[in-house]
Amino acid sequence: MAPSNAFTLWGNSLGLQPKMAKKYIDEELDKWAKTGVHGHVQGSRPWAWAENNIEELMANVVGAKAEEVALMNGLTVNLHLLLLSFYKPTAKRHKILLEDKAFPSDHVSYSNDTELVLNLQGVGVMTAGCCGITTRPT
């Protein structure tokens, strides 16, 4: 068990479980068991509108105004969206550098998306569309 004053800055980790996480998850699982599909629109936290209340909370976390905060998908989905939107390879500039110890799903995302974008743009698949880099120990 982690000490009560511990925190983590570990990459690729969920870190320590927030103190209230189990309580909230148990409440939602109980709601699901009792109300089924009606949980989407019933209770103190209807699932269908869950995102409507979180911008202000996240704004407080990051020191912004609620209208300046945008919450998106999981990391891998965001990587897909970014690459498909902004990756504009040319025959000369097509490589992407990626940390060696990124999530395996990130490596798959980069590999699949770079190949997809290259084919969509008619550039054709080039070697080493994604290159892993290893950081030096400090």
# chains A, B, ... in the order shown; residues from 1 in each chain; ligands from 1
$ residues_around --residues "region 73-83 of chain A" --least-positions-apart "6" --cutoff "7 Å" --atoms "only C-alpha atoms" --output "JSON, numbers by chain"
{"A": [105, 106, 109, 113]}
$ closest_residue --among "A:Leu98, A:Ala59, A:Ala91, A:Val108" --to "Leu71 (chain A)" --atoms "only C-alpha atoms"
A:Ala59
$ closest_residue --among "A:Met20, A:Ile96, A:Ala70, A:Ile25" --to "Arg45 (chain A)" --atoms "only C-alpha atoms"
A:Ile25
$ select_by_dssp --residues "region 4-114 of chain A" --states "alpha helix (DSSP H)" --output "VMD selection string"
chain A and resid 21 to 35 54 to 62 75 to 86 104 to 114
$ select_by_dssp --residues "region 8-124 of chain A" --states "strand (DSSP E or B)" --output "list in words"
Ile96, Leu97, Leu98 and Glu99 of chain A
